[in-house]
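Raw final09.tsv, TSV, C-alpha atoms (C1' of nucleotides):
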chain	number	residue	atom	x	y	z
A	9	MET	CA	23.46	-1.36	-5.26
A	10	GLU	CA	22.08	-3.99	-7.65
A	11	LEU	CA	18.30	-4.20	-7.45
A	12	GLU	CA	15.37	-5.22	-9.57
A	13	LEU	CA	13.82	-1.94	-10.56
A	14	THR	CA	10.35	-1.32	-11.85
A	15	ASP	CA	10.33	-0.21	-15.47
A	16	VAL	CA	9.25	3.38	-15.25
A	17	SER	CA	8.61	3.78	-18.97
A	18	ALA	CA	5.84	1.22	-18.78
A	19	LEU	CA	4.00	3.50	-16.39
A	20	ALA	CA	4.17	6.68	-18.45
A	21	CYS	CA	1.02	5.94	-20.35
A	22	CYS	CA	-1.94	6.62	-18.13
A	23	PRO	CA	-5.06	8.66	-18.72
A	24	PRO	CA	-7.12	9.54	-15.62
A	25	MET	CA	-9.13	6.57	-14.44
A	26	VAL	CA	-12.28	8.66	-14.47
A	27	ASP	CA	-11.90	8.48	-18.26
A	28	GLU	CA	-10.92	4.87	-18.68
A	29	ALA	CA	-10.72	1.80	-16.45
A	30	LEU	CA	-7.36	0.11	-16.03
A	31	THR	CA	-6.37	-3.13	-17.65
A	32	GLU	CA	-5.26	-5.88	-15.35
A	33	ALA	CA	-1.63	-5.45	-16.39
A	34	ALA	CA	-1.67	-1.69	-15.89
A	35	ALA	CA	-3.27	-2.15	-12.48
A	36	VAL	CA	-0.48	-4.50	-11.42
A	37	ASP	CA	2.18	-2.00	-12.52
A	38	LEU	CA	0.58	1.04	-10.97
A	39	ALA	CA	-0.40	-0.69	-7.73
A	40	ARG	CA	3.28	-1.35	-7.15
A	41	GLY	CA	3.85	2.39	-7.05
A	42	PHE	CA	0.91	3.12	-4.77
A	43	LYS	CA	1.87	0.30	-2.48
A	44	ALA	CA	5.26	1.91	-1.99
A	45	LEU	CA	3.47	5.12	-1.00
A	46	GLY	CA	1.18	3.30	1.40
A	47	ASP	CA	3.36	3.56	4.48
A	48	PRO	CA	3.56	6.77	6.54
A	49	VAL	CA	7.32	6.58	6.97
A	50	ARG	CA	7.91	5.96	3.26
A	51	LEU	CA	5.51	8.66	2.17
A	52	ARG	CA	7.17	11.21	4.39
A	53	LEU	CA	10.63	10.07	3.32
A	54	LEU	CA	9.61	10.57	-0.30
A	55	SER	CA	8.15	13.98	0.44
A	56	MET	CA	11.35	15.07	2.17
A	57	ILE	CA	13.36	13.97	-0.85
A	58	ALA	CA	10.94	15.45	-3.35
A	59	ALA	CA	10.70	18.77	-1.52
A	60	ARG	CA	14.25	19.51	-2.59
A	61	GLY	CA	13.08	19.69	-6.19
A	62	GLY	CA	15.75	18.27	-8.46
A	63	ASN	CA	18.34	18.41	-5.70
A	64	GLU	CA	19.54	15.59	-3.57
A	65	VAL	CA	19.13	14.64	0.06
A	66	CYS	CA	21.66	12.92	2.26
A	67	VAL	CA	20.39	9.96	4.27
A	68	CYS	CA	21.95	11.56	7.31
A	69	ASP	CA	19.47	14.43	6.96
A	70	LEU	CA	16.52	12.03	6.85
A	71	THR	CA	17.20	9.67	9.73
A	72	ASP	CA	16.90	12.24	12.51
A	73	ALA	CA	13.35	13.19	11.49
A	74	PHE	CA	11.97	9.74	12.31
A	75	ALA	CA	11.43	7.66	15.40
A	76	VAL	CA	12.42	4.45	13.63
A	77	LYS	CA	16.01	3.24	13.57
A	78	GLY	CA	18.54	3.33	10.75
A	79	PRO	CA	17.94	-0.12	9.32
A	80	THR	CA	14.24	0.66	8.98
A	81	ILE	CA	14.99	3.86	7.09
A	82	SER	CA	17.28	1.90	4.80
A	83	HIS	CA	14.55	-0.65	4.25
A	84	HIS	CA	11.98	1.96	3.28
A	85	LEU	CA	14.41	3.75	0.97
A	86	ARG	CA	15.04	0.44	-0.74
A	87	VAL	CA	11.32	-0.16	-1.23
A	88	LEU	CA	10.93	3.30	-2.77
A	89	ARG	CA	13.90	2.60	-5.00
A	90	GLU	CA	12.63	-0.80	-6.11
A	91	ALA	CA	9.36	0.92	-7.00
A	92	GLY	CA	11.33	3.21	-9.28
A	93	LEU	CA	10.29	6.36	-7.43
A	94	ILE	CA	13.75	7.43	-6.26
A	95	ASP	CA	17.38	6.69	-7.02
A	96	CYS	CA	20.63	7.19	-5.14
A	97	GLU	CA	24.37	7.56	-5.44
A	98	ARG	CA	27.19	7.27	-2.96
A	99	ARG	CA	29.67	10.13	-2.88
A	100	GLY	CA	32.39	9.70	-0.35
A	101	THR	CA	31.05	8.90	3.07
A	102	TRP	CA	27.46	9.86	2.34
A	103	VAL	CA	24.66	8.50	0.14
A	104	TYR	CA	22.41	10.94	-1.68
A	105	TYR	CA	18.84	10.30	-2.86
A	106	TRP	CA	16.69	12.12	-5.41
A	107	VAL	CA	13.18	11.72	-6.73
A	108	ILE	CA	12.27	10.50	-10.23
A	109	PRO	CA	9.45	12.82	-11.37
A	110	SER	CA	8.55	10.70	-14.41
A	111	ALA	CA	7.61	7.88	-12.04
A	112	LEU	CA	5.38	10.08	-9.92
A	113	ALA	CA	3.58	11.73	-12.82
A	114	PRO	CA	1.55	8.72	-14.05
A	115	LEU	CA	0.37	8.02	-10.53
A	116	SER	CA	-0.78	11.60	-10.14
A	117	GLN	CA	-2.47	11.64	-13.54
A	118	LEU	CA	-4.31	8.42	-12.87
A	119	LEU	CA	-6.03	9.96	-9.85
A	120	ASP	CA	-6.80	13.25	-11.54
A	121	THR	CA	-10.48	14.07	-11.13
A	122	SER	CA	-10.59	17.43	-12.86
A	123	ALA	CA	-12.71	15.93	-15.63
A	124	LEU	CA	-15.45	15.34	-13.06
A	125	THR	CA	-15.26	18.76	-11.41
A	126	PRO	CA	-14.52	21.17	-14.27
A	127	THR	CA	-14.68	24.34	-12.18
A	128	ALA	CA	-13.07	23.07	-8.98
B	22	MET	CA	-23.18	-0.76	6.67
B	23	GLU	CA	-21.66	0.88	9.75
B	24	LEU	CA	-17.96	1.50	9.29
B	25	GLU	CA	-15.24	3.76	10.56
B	26	LEU	CA	-14.60	6.08	7.67
B	27	THR	CA	-11.58	8.24	7.08
B	28	ASP	CA	-12.37	11.93	7.39
B	29	VAL	CA	-12.05	13.16	3.84
B	30	SER	CA	-12.07	16.84	4.75
B	31	ALA	CA	-8.81	16.43	6.63
B	32	LEU	CA	-7.15	15.39	3.39
B	33	ALA	CA	-8.29	18.29	1.23
B	34	CYS	CA	-5.37	20.46	2.16
B	35	CYS	CA	-2.33	19.27	0.28
B	36	PRO	CA	0.15	21.15	-1.85
B	37	PRO	CA	2.42	19.04	-4.09
B	38	MET	CA	5.18	17.41	-2.10
B	39	VAL	CA	7.76	18.83	-4.47
B	40	ASP	CA	6.86	22.15	-2.86
B	41	GLU	CA	6.62	21.12	0.77
B	42	ALA	CA	7.44	18.01	2.78
B	43	LEU	CA	4.64	16.31	4.68
B	44	THR	CA	4.14	16.52	8.41
B	45	GLU	CA	3.99	13.23	10.25
B	46	ALA	CA	0.26	13.54	10.78
B	47	ALA	CA	-0.44	14.35	7.13
B	48	ALA	CA	1.71	11.41	6.06
B	49	VAL	CA	-0.31	9.06	8.24
B	50	ASP	CA	-3.58	10.33	6.77
B	51	LEU	CA	-2.46	10.26	3.16
B	52	ALA	CA	-0.66	6.94	3.40
B	53	ARG	CA	-3.99	5.38	4.34
B	54	GLY	CA	-5.33	6.41	0.96
B	55	PHE	CA	-2.32	5.20	-0.99
B	56	LYS	CA	-2.30	1.95	0.91
B	57	ALA	CA	-5.85	1.32	-0.25
B	58	LEU	CA	-4.67	1.86	-3.83
B	59	GLY	CA	-1.71	-0.46	-3.39
B	60	ASP	CA	-3.40	-3.66	-4.44
B	61	PRO	CA	-3.97	-4.54	-8.12
B	62	VAL	CA	-7.49	-5.80	-7.54
B	63	ARG	CA	-8.48	-2.75	-5.51
B	64	LEU	CA	-6.92	-0.32	-7.95
B	65	ARG	CA	-8.75	-1.87	-10.87
B	66	LEU	CA	-11.99	-2.01	-8.90
B	67	LEU	CA	-11.67	1.69	-8.17
B	68	SER	CA	-10.89	2.46	-11.81
B	69	MET	CA	-13.94	0.53	-12.96
B	70	ILE	CA	-16.10	2.50	-10.53
B	71	ALA	CA	-14.45	5.82	-11.34
B	72	ALA	CA	-14.69	5.29	-15.09
B	73	ARG	CA	-18.44	5.72	-14.83
B	74	GLY	CA	-17.90	9.33	-13.85
B	75	GLY	CA	-20.51	10.34	-11.31
B	76	ASN	CA	-22.62	7.29	-12.07
B	77	GLU	CA	-22.83	4.13	-10.09
B	78	VAL	CA	-21.67	0.59	-10.63
B	79	CYS	CA	-23.40	-2.55	-9.48
B	80	VAL	CA	-21.25	-5.10	-7.71
B	81	CYS	CA	-22.64	-7.69	-10.09
B	82	ASP	CA	-20.92	-5.86	-12.93
B	83	LEU	CA	-17.57	-5.91	-11.14
B	84	THR	CA	-17.29	-9.49	-9.94
B	85	ASP	CA	-17.13	-11.09	-13.37
B	86	ALA	CA	-14.06	-9.07	-14.37
B	87	PHE	CA	-11.87	-10.67	-11.72
B	88	ALA	CA	-10.42	-14.07	-11.03
B	89	VAL	CA	-10.93	-13.74	-7.29
B	90	LYS	CA	-14.14	-14.88	-5.60
B	91	GLY	CA	-17.02	-12.83	-4.25
B	92	PRO	CA	-15.85	-12.50	-0.65
B	93	THR	CA	-12.53	-11.12	-1.82
B	94	ILE	CA	-14.27	-8.49	-3.95
B	95	SER	CA	-16.38	-7.55	-0.96
B	96	HIS	CA	-13.29	-7.29	1.19
B	97	HIS	CA	-11.54	-4.97	-1.25
B	98	LEU	CA	-14.60	-2.79	-1.68
B	99	ARG	CA	-14.76	-2.47	2.07
B	100	VAL	CA	-11.12	-1.38	2.26
B	101	LEU	CA	-11.71	1.25	-0.41
B	102	ARG	CA	-14.77	2.42	1.49
B	103	GLU	CA	-12.99	2.59	4.84
B	104	ALA	CA	-10.33	4.70	3.12
B	105	GLY	CA	-13.08	7.09	2.12
B	106	LEU	CA	-12.46	6.68	-1.60
B	107	ILE	CA	-15.85	5.21	-2.49
B	108	ASP	CA	-19.29	4.88	-1.00
B	109	CYS	CA	-22.24	2.60	-1.66
B	110	GLU	CA	-25.97	2.16	-1.31
B	111	ARG	CA	-28.25	-0.82	-1.53
B	112	ARG	CA	-31.28	-0.51	-3.80
B	113	GLY	CA	-33.39	-3.60	-3.88
B	114	THR	CA	-31.35	-6.69	-4.57
B	115	TRP	CA	-28.25	-4.91	-5.80
B	116	VAL	CA	-25.59	-2.71	-4.18
B	117	TYR	CA	-24.25	0.27	-6.10
B	118	TYR	CA	-20.87	1.93	-5.61
B	119	TRP	CA	-19.59	5.34	-6.65
B	120	VAL	CA	-16.32	7.20	-6.35
B	121	ILE	CA	-15.70	10.20	-4.07
B	122	PRO	CA	-13.66	12.63	-6.20
B	123	SER	CA	-12.79	14.90	-3.27
B	124	ALA	CA	-10.91	12.02	-1.68
B	125	LEU	CA	-8.91	11.28	-4.83
B	126	ALA	CA	-7.97	14.88	-5.54
B	127	PRO	CA	-5.55	15.45	-2.63
B	128	LEU	CA	-3.72	12.23	-3.45
B	129	SER	CA	-3.34	13.32	-7.05
B	130	GLN	CA	-2.23	16.82	-6.09
B	131	LEU	CA	0.35	15.54	-3.66
B	132	LEU	CA	2.13	13.64	-6.44
B	133	ASP	CA	1.90	16.45	-8.96
B	134	THR	CA	5.34	17.15	-10.41
B	135	SER	CA	4.45	19.87	-12.89
B	136	ALA	CA	6.41	22.38	-10.82
B	137	LEU	CA	9.56	20.40	-11.63
B	138	THR	CA	8.90	19.92	-15.34
B	139	PRO	CA	7.23	23.15	-16.46
B	140	THR	CA	7.10	22.26	-20.16
B	141	ALA	CA	6.34	18.54	-19.90
C	15	DT	C1'	-44.28	-18.22	4.17
C	16	DC	C1'	-40.73	-20.32	1.48
C	17	DT	C1'	-37.25	-20.08	-1.94
C	18	DC	C1'	-33.90	-17.99	-4.81
C	19	DT	C1'	-30.37	-14.68	-5.89
C	20	DG	C1'	-27.04	-11.14	-4.77
C	21	DT	C1'	-23.97	-9.43	-1.29
C	22	DC	C1'	-21.61	-9.39	2.98
C	23	DT	C1'	-19.45	-11.41	7.25
C	24	DT	C1'	-16.95	-14.89	9.72
C	25	DG	C1'	-13.11	-17.76	10.59
C	26	DA	C1'	-9.03	-19.75	9.14
C	27	DC	C1'	-4.74	-20.36	6.49
C	28	DG	C1'	-0.44	-18.99	4.20
C	29	DG	C1'	2.35	-15.36	2.68
C	30	DT	C1'	4.05	-10.70	3.29
C	31	DT	C1'	5.76	-6.72	5.82
C	32	DA	C1'	7.64	-3.44	9.45
C	33	DT	C1'	10.82	-3.32	12.87
C	34	DC	C1'	15.08	-3.91	15.35
C	35	DG	C1'	19.85	-5.77	17.07
C	36	DA	C1'	23.91	-7.40	15.37
C	37	DA	C1'	27.01	-7.82	11.84
C	38	DT	C1'	28.91	-6.06	7.54
C	39	DC	C1'	30.61	-2.87	4.14
C	40	DA	C1'	32.55	1.72	2.33
C	41	DA	C1'	35.22	5.66	2.78
C	42	DG	C1'	38.18	8.98	5.28
C	43	DG	C1'	41.56	10.22	8.52
C	44	DA	C1'	45.11	9.35	12.10
D	23	DT	C1'	47.31	-0.27	9.08
D	24	DC	C1'	43.77	0.59	12.37
D	25	DC	C1'	39.91	3.27	14.00
D	26	DT	C1'	35.70	5.95	13.39
D	27	DT	C1'	31.48	7.23	11.16
D	28	DG	C1'	27.66	6.62	7.79
D	29	DA	C1'	24.78	3.35	5.55
D	30	DT	C1'	23.30	-1.20	4.33
D	31	DT	C1'	22.42	-6.18	4.89
D	32	DC	C1'	21.25	-10.22	7.62
D	33	DG	C1'	18.33	-12.84	10.68
D	34	DA	C1'	14.53	-13.10	13.65
D	35	DT	C1'	9.99	-11.83	15.41
D	36	DA	C1'	5.37	-10.04	15.64
D	37	DA	C1'	1.76	-8.04	13.22
D	38	DC	C1'	-0.73	-7.50	9.10
D	39	DC	C1'	-2.94	-8.78	4.63
D	40	DG	C1'	-5.12	-11.39	0.61
D	41	DT	C1'	-7.77	-15.23	-0.24
D	42	DC	C1'	-11.43	-18.55	0.11
D	43	DA	C1'	-15.22	-21.90	1.95
D	44	DA	C1'	-19.03	-21.74	4.71
D	45	DG	C1'	-22.53	-19.38	6.65
D	46	DA	C1'	-25.55	-15.24	7.37
D	47	DC	C1'	-28.27	-11.52	5.72
D	48	DA	C1'	-31.38	-8.64	2.56
D	49	DG	C1'	-34.75	-8.20	-0.76
D	50	DA	C1'	-37.84	-9.93	-4.59
D	51	DG	C1'	-41.12	-12.92	-6.16
D	52	DA	C1'	-44.09	-17.01	-6.01

Mind converting the file's structure to structure tokens?
Amino acid sequence: MELELTDVSALACCPPMVDEALTEAAAVDLARGFKALGDPVRLRLLSMIAARGGNEVCVCDLTDAFAVKGPTISHHLRVLREAGLIDCERRGTWVYYWVIPSALAPLSQLLDTSALTPTA
Amino acid sequence: MELELTDVSALACCPPMVDEALTEAAAVDLARGFKALGDPVRLRLLSMIAARGGNEVCVCDLTDAFAVKGPTISHHLRVLREAGLIDCERRGTWVYYWVIPSALAPLSQLLDTSALTPTA
DNA sequence: TCTCTGTCTTGACGGTTATCGAATCAAGGA
DNA sequence: TCCTTGATTCGATAACCGTCAAGACAGAGA
């Protein structure tokens, strides 16, 4: 399970873009995260993992919910992991995944528009 | 300027995914938005447009900030527009773009993790 | 009308990505 | 030790995407 992981700490620094435009470097970092979210299968995989809160999800519970085959699920989980959005651990026969909230937070904050619509 | 635009209203319906996993249909819709954000040039373009708040930005003010050529800027602006994240209008010689906050909001809310980290 | 400037579209090229079958690896149990 | 099950990796293929040069279009001004 050796992968090149995105440095999450570098992302935890982002005011809403309605307040301040991104630098080129910040855009490269953050776009990596959004790109990982830009596939329907990956986005739903992440949501199924995240919906367990801090708990974990077994891959075996994910695969059945999708039309795509096992290797494709593995591929998408790897992309999410390389983006630093999730992590995993093998315990016995099964592999468990969980979400990394500190990686999601900057992405959410960047898109926050509450400064434009104060009463919405 | 006739394009197929994503229906924004269909997106304005999304609780954080830490509370509830996405349906397949919702994932397809939302992934379209994230996919548009998944390129460094596009993300920075959007941030430069959004940073003006409700005001508009002339394309001529965007082009100089990037290494890529005019057609590439046009292409990325079109992708952002087809995703429903921005809109534009021509006035005289110049074309002005502005952000659509109601399209950004659901994406931000979906990634909100405050329910997991109450005091962060 | 012609010309100039700003923006977009077209067409093409090279690189990337999603997907799957087959093979591989990891762990448990017979 | 062998077999079975869960998950990943490998290799190949088809589709997609970012980029640019060249050309087209829109509007302003002479």

message: Could you tell me which residues of chain A sit within 9 Å of chain C when counting all atoms listed in the file, and give me the result as a PyMOL selection string?
response: chain A and resi 76-77+79-80+100-102

task: Please return, as a list in words, all residues of chain A lying within 12 Å of chain D when only C-alpha atoms (C1' of nucleotides) are considered.
output: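 That gives the following set of residues: Met9, Cys66, Val67, Cys68, Asp69, Thr71, Lys77, Gly78, Pro79, Thr80, Ile81, Ser82, His83, His84, Leu85, Arg86, Glu97, Arg98, Arg99, Gly100, Thr101, Trp102, Val103 and Tyr104 of chain A.
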
Residues of chain A within 8 Å of chain B, counting only C-alpha atoms - could you list those as a PDB file with C-alpha atoms, keeping the file's coordinate frame?
ATOM      1  CA  MET A  25      -9.130   6.570 -14.440  1.00  0.00           C
ATOM      2  CA  VAL A  26     -12.280   8.660 -14.470  1.00  0.00           C
ATOM      3  CA  ASP A  27     -11.900   8.480 -18.260  1.00  0.00           C
ATOM      4  CA  GLU A  28     -10.920   4.870 -18.680  1.00  0.00           C
ATOM      5  CA  ALA A  29     -10.720   1.800 -16.450  1.00  0.00           C
ATOM      6  CA  LEU A  30      -7.360   0.110 -16.030  1.00  0.00           C
ATOM      7  CA  THR A  31      -6.370  -3.130 -17.650  1.00  0.00           C
ATOM      8  CA  GLU A  32      -5.260  -5.880 -15.350  1.00  0.00           C
ATOM      9  CA  ALA A  35      -3.270  -2.150 -12.480  1.00  0.00           C
ATOM     10  CA  VAL A  36      -0.480  -4.500 -11.420  1.00  0.00           C
ATOM     11  CA  ASP A  37       2.180  -2.000 -12.520  1.00  0.00           C
ATOM     12  CA  LEU A  38       0.580   1.040 -10.970  1.00  0.00           C
ATOM     13  CA  ALA A  39      -0.400  -0.690  -7.730  1.00  0.00           C
ATOM     14  CA  ARG A  40       3.280  -1.350  -7.150  1.00  0.00           C
ATOM     15  CA  GLY A  41       3.850   2.390  -7.050  1.00  0.00           C
ATOM     16  CA  PHE A  42       0.910   3.120  -4.770  1.00  0.00           C
ATOM     17  CA  LYS A  43       1.870   0.300  -2.480  1.00  0.00           C
ATOM     18  CA  ALA A  44       5.260   1.910  -1.990  1.00  0.00           C
ATOM     19  CA  LEU A  45       3.470   5.120  -1.000  1.00  0.00           C
ATOM     20  CA  GLY A  46       1.180   3.300   1.400  1.00  0.00           C
ATOM     21  CA  ASP A  47       3.360   3.560   4.480  1.00  0.00           C
ATOM     22  CA  PRO A  48       3.560   6.770   6.540  1.00  0.00           C
ATOM     23  CA  VAL A  49       7.320   6.580   6.970  1.00  0.00           C
ATOM     24  CA  LEU A  51       5.510   8.660   2.170  1.00  0.00           C
ATOM     25  CA  ARG A  52       7.170  11.210   4.390  1.00  0.00           C
ATOM     26  CA  SER A  55       8.150  13.980   0.440  1.00  0.00           C
ATOM     27  CA  MET A  56      11.350  15.070   2.170  1.00  0.00           C
ATOM     28  CA  ALA A  58      10.940  15.450  -3.350  1.00  0.00           C
ATOM     29  CA  ALA A  59      10.700  18.770  -1.520  1.00  0.00           C
ATOM     30  CA  ARG A  60      14.250  19.510  -2.590  1.00  0.00           C
ATOM     31  CA  GLY A  61      13.080  19.690  -6.190  1.00  0.00           C
ATOM     32  CA  GLY A  62      15.750  18.270  -8.460  1.00  0.00           C
ATOM     33  CA  PRO A 109       9.450  12.820 -11.370  1.00  0.00           C
ATOM     34  CA  LEU A 112       5.380  10.080  -9.920  1.00  0.00           C
ATOM     35  CA  ALA A 113       3.580  11.730 -12.820  1.00  0.00           C
ATOM     36  CA  LEU A 115       0.370   8.020 -10.530  1.00  0.00           C
ATOM     37  CA  SER A 116      -0.780  11.600 -10.140  1.00  0.00           C
ATOM     38  CA  GLN A 117      -2.470  11.640 -13.540  1.00  0.00           C
ATOM     39  CA  LEU A 118      -4.310   8.420 -12.870  1.00  0.00           C
ATOM     40  CA  LEU A 119      -6.030   9.960  -9.850  1.00  0.00           C
ATOM     41  CA  ASP A 120      -6.800  13.250 -11.540  1.00  0.00           C
ATOM     42  CA  THR A 121     -10.480  14.070 -11.130  1.00  0.00           C
ATOM     43  CA  LEU A 124     -15.450  15.340 -13.060  1.00  0.00           C
TER      44      LEU A 124
END

field: Atomic separation - CA of Pro23 in chain A relative to CA of Trp119 in chain B, Å
entry: 19.2 Å

task: Provide the CA of Tyr118 in chain B to CA of Asp85 in chain B distance in Å, to one decimal place.
output: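 Interatomic distance here is 15.6 Å.
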
- prompt: How many Å separate CA of Asp95 in chain A from CA of Val65 in chain A?
  reply: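 These atoms are spaced 10.8 Å apart.
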